[in-house]
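*Asks:* I'm passing along input-v7.cif; it holds mmCIF, C-alpha atoms.
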data_structure
loop_
_atom_site.label_atom_id
_atom_site.label_comp_id
_atom_site.auth_asym_id
_atom_site.auth_seq_id
_atom_site.Cartn_x
_atom_site.Cartn_y
_atom_site.Cartn_z
CA MET A 1 110.62 130.27 73.35
CA LYS A 2 109.73 129.07 69.85
CA PRO A 3 111.12 125.64 68.86
CA LEU A 4 113.34 126.83 65.98
CA ALA A 5 114.86 129.69 67.91
CA ARG A 6 115.54 127.44 70.87
CA ALA A 7 117.14 124.79 68.69
CA ALA A 8 119.45 127.37 67.11
CA ARG A 9 120.57 128.63 70.53
CA LEU A 10 121.19 125.08 71.69
CA ALA A 11 123.28 124.39 68.61
CA LEU A 12 125.45 127.43 69.31
CA ALA A 13 125.82 126.40 72.95
CA CYS A 14 126.74 122.89 71.90
CA ALA A 15 129.38 124.18 69.46
CA ALA A 16 130.96 126.25 72.22
CA LEU A 17 130.92 123.28 74.57
CA ALA A 18 132.52 121.06 71.91
CA ALA A 19 135.37 123.54 71.50
CA SER A 20 136.26 123.26 75.17
CA LEU A 21 135.39 119.62 75.94
CA GLY A 22 135.78 117.99 72.58
CA ALA A 23 132.22 116.63 72.29
CA CYS A 24 128.63 117.62 72.63
CA SER A 25 125.29 115.87 72.24
CA LEU A 26 121.90 117.49 71.61
CA LEU A 27 120.06 114.48 73.09
CA LEU A 28 119.07 116.43 76.18
CA ASP A 29 115.99 116.22 78.40
CA LEU A 30 114.52 119.50 77.15
CA GLU A 31 111.55 121.42 78.55
CA ALA A 32 108.46 121.51 76.35
CA ASP A 33 108.54 124.29 73.77
CA CYS A 34 104.75 124.63 73.38
CA THR A 35 102.45 126.79 75.46
CA PRO A 36 98.67 127.20 74.91
CA ALA A 37 99.29 130.85 74.12
CA ASP A 38 100.97 129.68 70.90
CA CYS A 39 98.06 127.47 69.84
CA ASN A 40 95.14 129.72 68.83
CA GLY A 41 92.69 128.23 71.31
CA PHE A 42 94.00 124.65 71.33
CA GLN A 43 96.07 122.97 74.01
CA CYS A 44 99.55 121.60 73.37
CA ALA A 45 99.90 118.02 72.19
CA PRO A 46 100.99 115.43 74.81
CA SER A 47 104.50 115.55 73.35
CA GLY A 48 104.70 119.18 74.51
CA ASP A 49 106.37 120.53 71.38
CA VAL A 50 103.46 121.15 68.98
CA CYS A 51 99.87 122.39 69.14
CA LEU A 52 96.83 120.21 68.70
CA GLN A 53 95.05 120.82 65.41
CA THR A 54 91.61 119.36 66.28
CA CYS A 55 89.68 118.72 69.49
CA ARG A 56 87.66 115.68 70.56
CA ARG A 57 87.37 116.48 74.28
CA PRO A 58 86.67 119.72 76.19
CA ASP A 59 90.12 119.64 77.86
CA GLU A 60 91.86 119.83 74.47
CA CYS A 61 90.90 123.50 74.23
CA ALA A 62 92.63 126.30 76.11
CA THR A 63 90.95 128.33 78.83
CA GLY A 64 88.28 130.55 77.30
CA PHE A 65 87.70 128.24 74.33
CA VAL A 66 85.27 125.38 73.75
CA CYS A 67 85.31 122.44 71.33
CA ASP A 68 82.49 122.72 68.78
CA ASP A 69 82.25 118.98 67.99
CA LEU A 70 82.50 116.31 70.68
CA SER A 71 81.31 113.43 68.52
CA GLY A 72 84.85 112.12 68.04
CA ALA A 73 85.21 113.34 64.47
CA GLY A 74 87.38 116.27 65.51
CA GLY A 75 86.31 119.86 65.94
CA ALA A 76 87.66 123.38 66.30
CA CYS A 77 88.32 125.30 69.53
CA LEU A 78 86.16 128.41 69.41
CA PRO A 79 86.03 131.35 71.83
CA ARG A 80 83.37 130.98 74.52
CA THR A 81 80.45 133.23 73.65
CA CYS A 82 76.69 133.20 74.03
CA ALA A 83 76.32 132.02 70.43
CA PRO A 84 75.28 128.36 70.06
CA LEU A 85 77.84 125.89 68.75
CA SER A 86 77.21 124.06 65.53
CA ASN A 87 77.14 120.55 67.00
CA VAL A 88 75.60 120.80 70.45
CA GLY A 89 73.73 117.56 69.76
CA ALA A 90 77.04 115.72 69.79
CA PHE A 91 77.01 115.84 73.60
CA PHE A 92 74.83 112.72 73.40
CA PRO A 93 75.74 111.02 70.11
CA GLY A 94 73.34 108.23 69.29
CA ALA A 95 70.81 109.17 71.98
CA ALA A 96 67.26 108.02 71.35
CA ILE A 97 65.04 110.47 69.47
CA THR A 98 63.37 112.68 72.06
CA ARG A 99 60.23 114.74 72.35
CA ASN A 100 61.00 116.40 75.73
CA VAL A 101 64.32 117.03 77.47
CA ASP A 102 65.70 118.72 80.58
CA ALA A 103 69.33 119.00 81.66
CA THR A 104 71.45 120.06 84.61
CA ALA A 105 75.20 120.58 84.94
CA ASP A 106 77.92 121.10 87.51
CA ALA A 107 81.67 121.64 87.12
CA SER A 108 82.29 118.23 85.57
CA THR A 109 79.01 116.57 84.54
CA LEU A 110 76.13 117.35 82.22
CA ALA A 111 73.11 115.15 82.92
CA ALA A 112 69.89 114.96 80.95
CA ALA A 113 66.45 113.42 81.37
CA PHE A 114 64.42 112.94 78.23
CA VAL A 115 61.33 111.21 76.88
CA THR A 116 61.64 109.23 73.66
CA THR A 117 59.03 109.28 70.94
CA SER A 118 57.74 105.93 72.24
CA GLY A 119 57.25 107.39 75.72
CA GLU A 120 60.29 105.90 77.49
CA VAL A 121 61.87 108.12 80.14
CA ARG A 122 65.65 107.94 79.87
CA PHE A 123 68.71 109.39 81.61
CA LYS A 124 72.17 110.08 80.25
CA ARG A 125 75.25 111.84 81.60
CA TYR A 126 78.32 113.34 80.02
CA ASP A 127 81.66 114.00 81.73
CA THR A 128 82.71 117.44 80.53
CA SER A 129 86.24 116.99 81.91
CA ASN A 130 87.21 114.11 79.63
CA GLY A 131 84.46 113.91 77.02
CA ALA A 132 83.17 110.48 78.08
CA ALA A 133 79.46 109.83 77.74
CA GLY A 134 77.75 107.41 80.11
CA GLU A 135 75.37 104.70 79.02
CA GLU A 136 71.71 105.61 78.60
CA VAL A 137 69.56 104.45 81.51
CA VAL A 138 65.96 103.48 80.78
CA VAL A 139 64.26 105.00 83.82
CA ALA A 140 60.65 104.16 82.89
CA ALA A 141 59.11 101.88 80.31
CA ALA A 142 57.24 103.32 77.37
CA ASN A 143 54.04 105.18 78.20
CA PRO A 144 52.62 107.48 75.52
CA GLU A 145 51.36 109.79 78.30
CA ALA A 146 54.89 110.52 79.62
CA ARG A 147 56.15 114.05 79.07
CA ASP A 148 57.74 117.13 80.67
CA PRO A 149 60.74 115.56 82.47
CA ALA A 150 62.78 117.62 84.93
CA ILE A 151 66.09 116.72 86.59
CA ALA A 152 68.13 118.02 89.53
CA ALA A 153 71.49 116.96 90.96
CA SER A 154 72.03 116.00 94.60
CA PRO A 155 75.20 114.84 96.39
CA GLY A 156 74.35 111.20 95.67
CA GLY A 157 72.95 111.41 92.14
CA TRP A 158 70.00 112.83 90.26
CA GLY A 159 66.30 113.11 90.99
CA LEU A 160 63.91 112.97 88.04
CA VAL A 161 60.22 113.90 87.89
CA TRP A 162 57.82 113.83 84.98
CA ARG A 163 54.13 113.89 84.18
CA SER A 164 52.35 110.69 83.16
CA ALA A 165 48.87 109.16 83.39
CA GLU A 166 47.45 105.84 84.60
CA LEU A 167 44.15 104.09 85.14
CA ILE A 168 43.54 104.59 88.87
CA GLY A 169 40.26 104.17 90.75
CA GLY A 170 38.44 103.35 87.54
CA ALA A 171 39.47 106.57 85.78
CA ARG A 172 42.40 107.94 83.83
CA ARG A 173 44.34 110.25 86.11
CA ASP A 174 47.45 112.37 85.71
CA VAL A 175 50.31 111.35 87.99
CA LEU A 176 53.54 112.98 89.13
CA ARG A 177 56.27 110.34 88.74
CA TYR A 178 59.68 110.26 90.47
CA ALA A 179 62.89 108.22 90.13
CA PHE A 180 66.47 108.51 91.38
CA VAL A 181 69.69 107.66 89.50
CA THR A 182 72.95 107.34 91.46
CA ALA A 183 76.22 109.08 90.64
CA ASP A 184 77.47 105.93 88.89
CA GLY A 185 74.38 105.69 86.70
CA ALA A 186 72.36 103.04 88.57
CA LEU A 187 68.58 103.31 88.88
CA ALA A 188 68.41 103.26 92.69
CA VAL A 189 64.75 104.30 93.05
CA PRO A 190 62.51 102.92 90.27
CA PRO A 191 59.60 105.08 89.10
CA ARG A 192 56.91 105.75 91.67
CA ASN A 193 53.92 108.03 91.95
CA LEU A 194 54.44 111.02 94.22
CA TRP A 195 51.02 112.54 93.60
CA ILE A 196 47.81 111.62 91.77
CA ALA A 197 45.53 114.33 90.41
CA GLY A 198 42.00 114.14 91.82
CA PHE A 199 42.64 111.03 93.92
CA PRO A 200 41.23 110.28 96.44
CA ALA A 201 38.01 111.36 94.75
CA ASN A 202 37.28 114.22 97.17
CA PHE A 203 40.16 116.19 95.63
CA GLN A 204 39.34 118.22 92.53
CA GLU A 205 42.66 118.64 90.69
CA LYS A 206 42.47 117.56 87.07
CA SER A 207 46.09 117.42 85.84
CA VAL A 208 49.82 117.41 86.48
CA ASP A 209 51.60 119.94 84.26
CA ASN A 210 55.19 121.11 83.79
CA PRO A 211 56.87 119.77 86.96
CA ASP A 212 60.23 121.19 88.05
CA ILE A 213 62.65 119.93 90.72
CA LEU A 214 65.64 121.14 92.74
CA TRP A 215 67.80 119.79 95.56
CA ASP A 216 67.58 121.57 98.94
CA ASP A 217 70.76 120.66 100.80
CA ASP A 218 69.54 122.10 104.09
CA ALA A 219 66.37 120.01 104.04
CA GLN A 220 68.21 117.03 102.50
CA ALA A 221 65.30 116.67 100.13
CA PHE A 222 64.12 117.53 96.65
CA ALA A 223 61.58 120.32 96.26
CA VAL A 224 59.11 119.77 93.43
CA VAL A 225 56.71 122.32 91.98
CA PHE A 226 54.04 121.68 89.35
CA ALA A 227 50.84 123.12 87.94
CA SER A 228 47.40 121.50 88.11
CA ARG A 229 44.12 122.53 86.51
CA LEU A 230 41.25 123.08 88.91
CA ALA A 231 37.67 124.11 88.09
CA SER A 232 38.55 127.27 86.17
CA ASN A 233 42.21 128.07 86.78
CA SER A 234 45.58 126.38 86.80
CA GLU A 235 47.18 126.53 90.26
CA LEU A 236 50.66 125.70 91.55
CA PHE A 237 51.58 123.02 94.11
CA LEU A 238 54.80 122.33 96.04
CA LEU A 239 55.97 119.16 97.75
CA ARG A 240 59.27 117.86 99.12
CA VAL A 241 60.58 114.32 98.89
CA ARG A 242 63.66 112.47 100.11
CA ALA A 243 66.07 111.07 97.53
CA GLU A 244 64.73 107.63 98.48
CA GLY A 245 61.30 108.69 97.24
CA THR A 246 59.79 108.92 100.74
CA ASP A 247 57.95 111.63 102.62
CA LEU A 248 60.05 113.86 104.90
CA ASP A 249 59.00 111.77 107.89
CA GLY A 250 60.18 108.60 106.12
CA SER A 251 56.75 107.33 105.06
CA ALA A 252 56.86 105.29 101.86
CA GLU A 253 53.55 106.79 100.68
CA LEU A 254 53.13 110.53 100.32
CA PRO A 255 49.60 111.58 101.31
CA HIS A 256 47.74 113.70 98.81
CA ASP A 257 48.05 116.81 100.96
CA ALA A 258 51.83 116.48 100.91
CA ALA A 259 51.52 118.80 97.92
CA ARG A 260 50.61 122.22 99.26
CA GLN A 261 48.80 124.68 97.01
CA ILE A 262 50.83 127.85 96.66
CA THR A 263 49.03 131.09 97.38
CA LEU A 264 49.72 133.25 94.36
CA THR A 265 49.93 137.03 94.12
CA PRO A 266 48.54 137.92 91.67
CA GLY A 267 46.11 135.04 91.31
CA GLY A 268 44.74 133.58 88.12
CA ASN A 269 46.07 130.94 85.77
CA ALA A 270 49.61 129.90 86.69
CA LEU A 271 51.52 127.88 84.12
CA GLU A 272 54.98 126.40 83.51
CA PRO A 273 56.52 126.95 86.97
CA ARG A 274 60.26 126.94 87.64
CA ILE A 275 61.66 126.67 91.15
CA LEU A 276 64.77 128.29 92.63
CA LEU A 277 66.27 127.96 96.10
CA ARG A 278 66.77 131.28 97.81
CA ALA A 279 70.09 130.91 99.63
CA LEU A 280 69.59 132.84 102.87
CA PRO A 281 71.68 131.59 105.82
CA ASP A 282 69.09 132.62 108.40
CA ASP A 283 66.10 131.19 106.50
CA PRO A 284 67.34 128.47 104.16
CA ASP A 285 63.95 126.96 103.26
CA LEU A 286 62.64 129.70 100.99
CA TYR A 287 61.85 128.91 97.37
CA ASP A 288 61.23 131.39 94.57
CA VAL A 289 58.73 130.03 92.06
CA VAL A 290 58.65 131.80 88.68
CA TYR A 291 55.65 131.08 86.47
CA ARG A 292 53.76 132.29 83.44
CA VAL A 293 50.46 134.03 84.11
CA GLY A 294 47.44 133.39 81.90
CA ALA A 295 46.82 131.22 78.88
CA GLY A 296 48.20 133.89 76.56
CA ASP A 297 51.52 135.67 76.68
CA LEU A 298 50.49 137.88 79.59
CA GLY A 299 53.81 137.94 81.41
CA LEU A 300 55.81 136.33 84.21
CA SER A 301 55.30 136.46 87.94
CA MET A 302 57.08 135.10 91.01
CA SER A 303 55.97 133.87 94.42
CA THR A 304 58.21 133.12 97.39
CA VAL A 305 57.24 129.97 99.29
CA SER A 306 58.45 128.84 102.70
CA GLY A 307 59.18 125.15 103.11
CA ASP A 308 58.77 125.53 106.88
CA ALA A 309 55.09 126.37 106.35
CA GLN A 310 54.39 122.83 105.15
CA ARG A 311 52.43 120.42 107.33
CA PRO A 312 54.49 118.77 110.14
CA GLY A 313 56.24 115.65 108.95
CA GLY A 314 55.20 116.22 105.37
CA ALA A 315 56.57 117.96 102.36
#
Starting from the file, lay out its structure as structure tokens.
*Replies:*
Amino acid sequence: MKPLARAARLALACAALAASLGACSLLLDLEADCTPADCNGFQCAPSGDVCLQTCRRPDECATGFVCDDLSGAGGACLPRTCAPLSNVGAFFPGAAITRNVDATADASTLAAAFVTTSGEVRFKRYDTSNGAAGEEVVVAAANPEARDPAIAASPGGWGLVWRSAELIGGARRDVLRYAFVTADGALAVPPRNLWIAGFPANFQEKSVDNPDILWDDDAQAFAVVFASRLASNSELFLLRVRAEGTDLDGSAELPHDAARQITLTPGGNALEPRILLRALPDDPDLYDVVYRVGAGDLGLSMSTVSGDAQRPGGA
């Protein structure tokens, strides 16, 4: 019922009551007059009798609408569509300037890993239920070689991987780096090397490129896929790591062959892999790896990889 119509009916009821009892008061504990259906995409104000006019948090918009400015300045509730909003960057107001970013989300949290222009790897999360942004976490100190971060959520927090490079064994070598941030934003596992390209020296890989990561709940481990240049082609590798940054058998150091080369069909250059968990109850350790084939725009391909085929005790 609209507020004015309801007030008029109450006044008439009060007049009738006054005629019989001699008095009437309109200071009643009334139900709220506002419903989201009256508010053109907004929710009702906390008072319950009027509609909100601007939004500063996602929950100030009605179902099917989204706030287009979460910076605190006040935005409009727009219908959910595939079109980008005007102020998506306001999810992380004041975040350090970035050159690479990856993000993951669940029902209540958006989390991002990004590399600043100075080469710091940072983490930030955003609570989509109340609009609160967490503090930025400096995951790794500045290294101009850092790039291509990837992030995945697990029950206890987020695993991050990225490509970097260090002086190892007297030579500059690409490394696959890993860190873990807890659900409350603490850096529980500081950065560590999961894999070093071409080290020990009898291995011939020359790079770490475009890593991706996901959480495998059945294995209770992260699965990581990345590309590496060999003599003439770029090949794909897969390894698995516990949230603690250890091998599946608990070893603190992952041996080089923890990363298994994926047999590709078709073969040839494999670039920019992305990993998906194939949810099959009878065979839960299957991963679909989608990748770009060839140095040019030659198309996409996919290989299915079994985690059970990895070496015993390893990834």
*Asks:* Report, as lines of an AutoDock Vina configuration file, the centre and edge lengths in Å (one decimal) of the axis-aligned box enclosing every listed atom of range 108-117 of chain A, padded by 4 Å on each side.
*Replies:*
center_x = 70.7
center_y = 113.7
center_z = 78.3
size_x = 31.3
size_y = 17.0
size_z = 22.6
*Asks:* Excluding range 235-237 of chain A and its own-chain neighbours fewer than 2 positions away, which residues fall within 6 Å of it when counting all atoms listed in the file? Please give them as a PDB file with C-alpha atoms, in the frame of the given file.
*Replies:*
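The result, written out as around03.pdb:
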ATOM      1  CA  VAL A 225      56.710 122.320  91.980  1.00  0.00           C
ATOM      2  CA  PHE A 226      54.040 121.680  89.350  1.00  0.00           C
ATOM      3  CA  ALA A 227      50.840 123.120  87.940  1.00  0.00           C
ATOM      4  CA  SER A 228      47.400 121.500  88.110  1.00  0.00           C
ATOM      5  CA  ALA A 259      51.520 118.800  97.920  1.00  0.00           C
ATOM      6  CA  ARG A 260      50.610 122.220  99.260  1.00  0.00           C
ATOM      7  CA  GLN A 261      48.800 124.680  97.010  1.00  0.00           C
ATOM      8  CA  ILE A 262      50.830 127.850  96.660  1.00  0.00           C
ATOM      9  CA  ALA A 270      49.610 129.900  86.690  1.00  0.00           C
TER      10      ALA A 270
END
*Asks:* Of the residues A:Ala146, A:Arg278, A:Leu194, A:Asn210, which is the one nearest to Arg240 in chain A, using only C-alpha atoms?
*Replies:*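 When distances to Arg240 in chain A are compared using only C-alpha atoms, the smallest one comes from A:Leu194.
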*Asks:* Could you list the residues chosen by the PyMOL selection byres ((chain A and resi 105-112) around 8) in this structure as JSON, numbers by chain?
*Replies:* {"A": [101, 102, 103, 104, 113, 114, 123, 124, 125, 126, 127, 128, 129, 151, 153]}
*Asks:* Translate the PyMOL selection byres ((chain A and resi 159) around 10), as applied to the file shown, into an explicit residue set as an NGL selection string.
*Replies:* :A and (113 or 150-154 or 156-158 or 160-161 or 178-182 or 189 or 213-215 or 221-222 or 241-245)
*Asks:* I'd like the neighbourhood of Leu277 in chain A as a list in words, where a residue qualifies if any of its atoms comes within 7 Å (using only C-alpha atoms), though same-chain residues fewer than 4 positions away should be ignored.
*Replies:*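 Neighbouring residues, sequence-local ones excluded: Leu286, Tyr287 and Asp288 of chain A.
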*Asks:* When you count all atoms listed in the file, which of these residues is closest to Gly294 in chain A: A:Ser232, A:Asp184, A:Gly250, A:Pro155?
*Replies:*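 Ranked by minimum distance to Gly294 in chain A, first place goes to A:Ser232.
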*Asks:* Choose the residue, out of A:Leu300, A:Phe203, A:Pro273, A:Gly307, that has the smallest atom-to-atom separation from Leu248 in chain A; count all atoms listed in the file.
*Replies:*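 The answer is A:Gly307, which sits nearest to Leu248 in chain A.
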*Asks:* Given the choices A:Gln220, A:Ala258, A:Ser234, A:Glu253, which gets closest to Val293 in chain A if the distance is worked out from all atoms listed in the file?
*Replies:* A:Ser234
*Asks:* One decimal, Å: what's the distance from CA of Val115 in chain A over to CA of Asn100 in chain A, could you say?
*Replies:*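 Computed distance, CA of Val115 in chain A to CA of Asn100 in chain A, equals 5.3 Å.
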*Asks:* Using all atoms listed in the file, which protein or nucleic acid residues come within 12 Å of Ala142 in chain A? Drop anything in the same chain fewer than 4 positions from it, and give the result as a list of chain:residue names.
*Replies:*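 The contact residues come out as A:Val115, A:Thr116, A:Thr117, A:Ser118, A:Gly119, A:Glu120, A:Val121, A:Arg122, A:Val138, A:Ala146, A:Arg147, A:Ser164, A:Ala165.
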*Asks:* For the residues in that selection, give me C-alpha atoms as a PDB file, in the coordinates of the input.
*Replies:*
ATOM      1  CA  VAL A 115      61.330 111.210  76.880  1.00  0.00           C
ATOM      2  CA  THR A 116      61.640 109.230  73.660  1.00  0.00           C
ATOM      3  CA  THR A 117      59.030 109.280  70.940  1.00  0.00           C
ATOM      4  CA  SER A 118      57.740 105.930  72.240  1.00  0.00           C
ATOM      5  CA  GLY A 119      57.250 107.390  75.720  1.00  0.00           C
ATOM      6  CA  GLU A 120      60.290 105.900  77.490  1.00  0.00           C
ATOM      7  CA  VAL A 121      61.870 108.120  80.140  1.00  0.00           C
ATOM      8  CA  ARG A 122      65.650 107.940  79.870  1.00  0.00           C
ATOM      9  CA  VAL A 138      65.960 103.480  80.780  1.00  0.00           C
ATOM     10  CA  ALA A 146      54.890 110.520  79.620  1.00  0.00           C
ATOM     11  CA  ARG A 147      56.150 114.050  79.070  1.00  0.00           C
ATOM     12  CA  SER A 164      52.350 110.690  83.160  1.00  0.00           C
ATOM     13  CA  ALA A 165      48.870 109.160  83.390  1.00  0.00           C
TER      14      ALA A 165
END
*Asks:* Report as a list of chain:residue names the residues that result from applying the PyMOL selection byres ((chain A and resi 67) around 6) to the structure here.
*Replies:* A:Pro58, A:Val66, A:Asp68, A:Asp69, A:Ala76, A:Cys77
*Asks:* Restrict the selected residues to C-alpha atoms and save them as a PDB file, keeping the file's coordinate frame.
*Replies:*
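Result went into part.pdb, see below:
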ATOM      1  CA  PRO A  58      86.670 119.720  76.190  1.00  0.00           C
ATOM      2  CA  VAL A  66      85.270 125.380  73.750  1.00  0.00           C
ATOM      3  CA  ASP A  68      82.490 122.720  68.780  1.00  0.00           C
ATOM      4  CA  ASP A  69      82.250 118.980  67.990  1.00  0.00           C
ATOM      5  CA  ALA A  76      87.660 123.380  66.300  1.00  0.00           C
ATOM      6  CA  CYS A  77      88.320 125.300  69.530  1.00  0.00           C
TER       7      CYS A  77
END
*Asks:* One number please: CA of Thr98 in chain A to CA of Ile275 in chain A, in Å, one decimal.
*Replies:*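 Rounded to one decimal, the two atoms are 23.7 Å apart.
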*Asks:* Any idea what's packed within 6 Å of Val289 in chain A, counting all atoms listed in the file, ignoring anything in its chain fewer than 4 positions away? Could you give it as a list in words?
*Replies:*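 Listed by chain and then number, they are Arg274, Ile275, Met302 and Ser303 of chain A.
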*Asks:* Suppose you want the space between CA of Phe42 in chain A and CA of Ala62 in chain A; what is it in Å?
*Replies:*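 Value for the CA of Phe42 in chain A-CA of Ala62 in chain A distance: 5.2 Å.
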*Asks:* Leaving out Leu230 in chain A and any residue of its chain fewer than 3 positions from it, which residues lie within 6 Å of it when counting all atoms listed in the file, given as a short mmCIF file (atom, residue, chain, number, x, y, z; two decimals) with C-alpha atoms, keeping the file's coordinate frame?
*Replies:*
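Contents of around17.cif, as written:
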data_model
loop_
_atom_site.label_atom_id
_atom_site.label_comp_id
_atom_site.auth_asym_id
_atom_site.auth_seq_id
_atom_site.Cartn_x
_atom_site.Cartn_y
_atom_site.Cartn_z
CA GLU A 205 42.66 118.64 90.69
CA LYS A 206 42.47 117.56 87.07
CA ASN A 233 42.21 128.07 86.78
CA SER A 234 45.58 126.38 86.80
#
*Asks:* Pick from A:Gln53, A:Gly185, A:Ala219, A:Ser301: nearest to Gly74 in chain A, with all atoms listed in the file counted?
*Replies:*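 Smallest distance to Gly74 in chain A is found for A:Gln53.
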*Asks:* Taking the point (57.3, 101.4, 86.1) as given in the file, collect each protein or nucleic acid residue that comes within 8 Å of it, counting all atoms listed in the file, and present the set as a PyMOL selection string.
*Replies:* chain A and resi 140-141+190-192
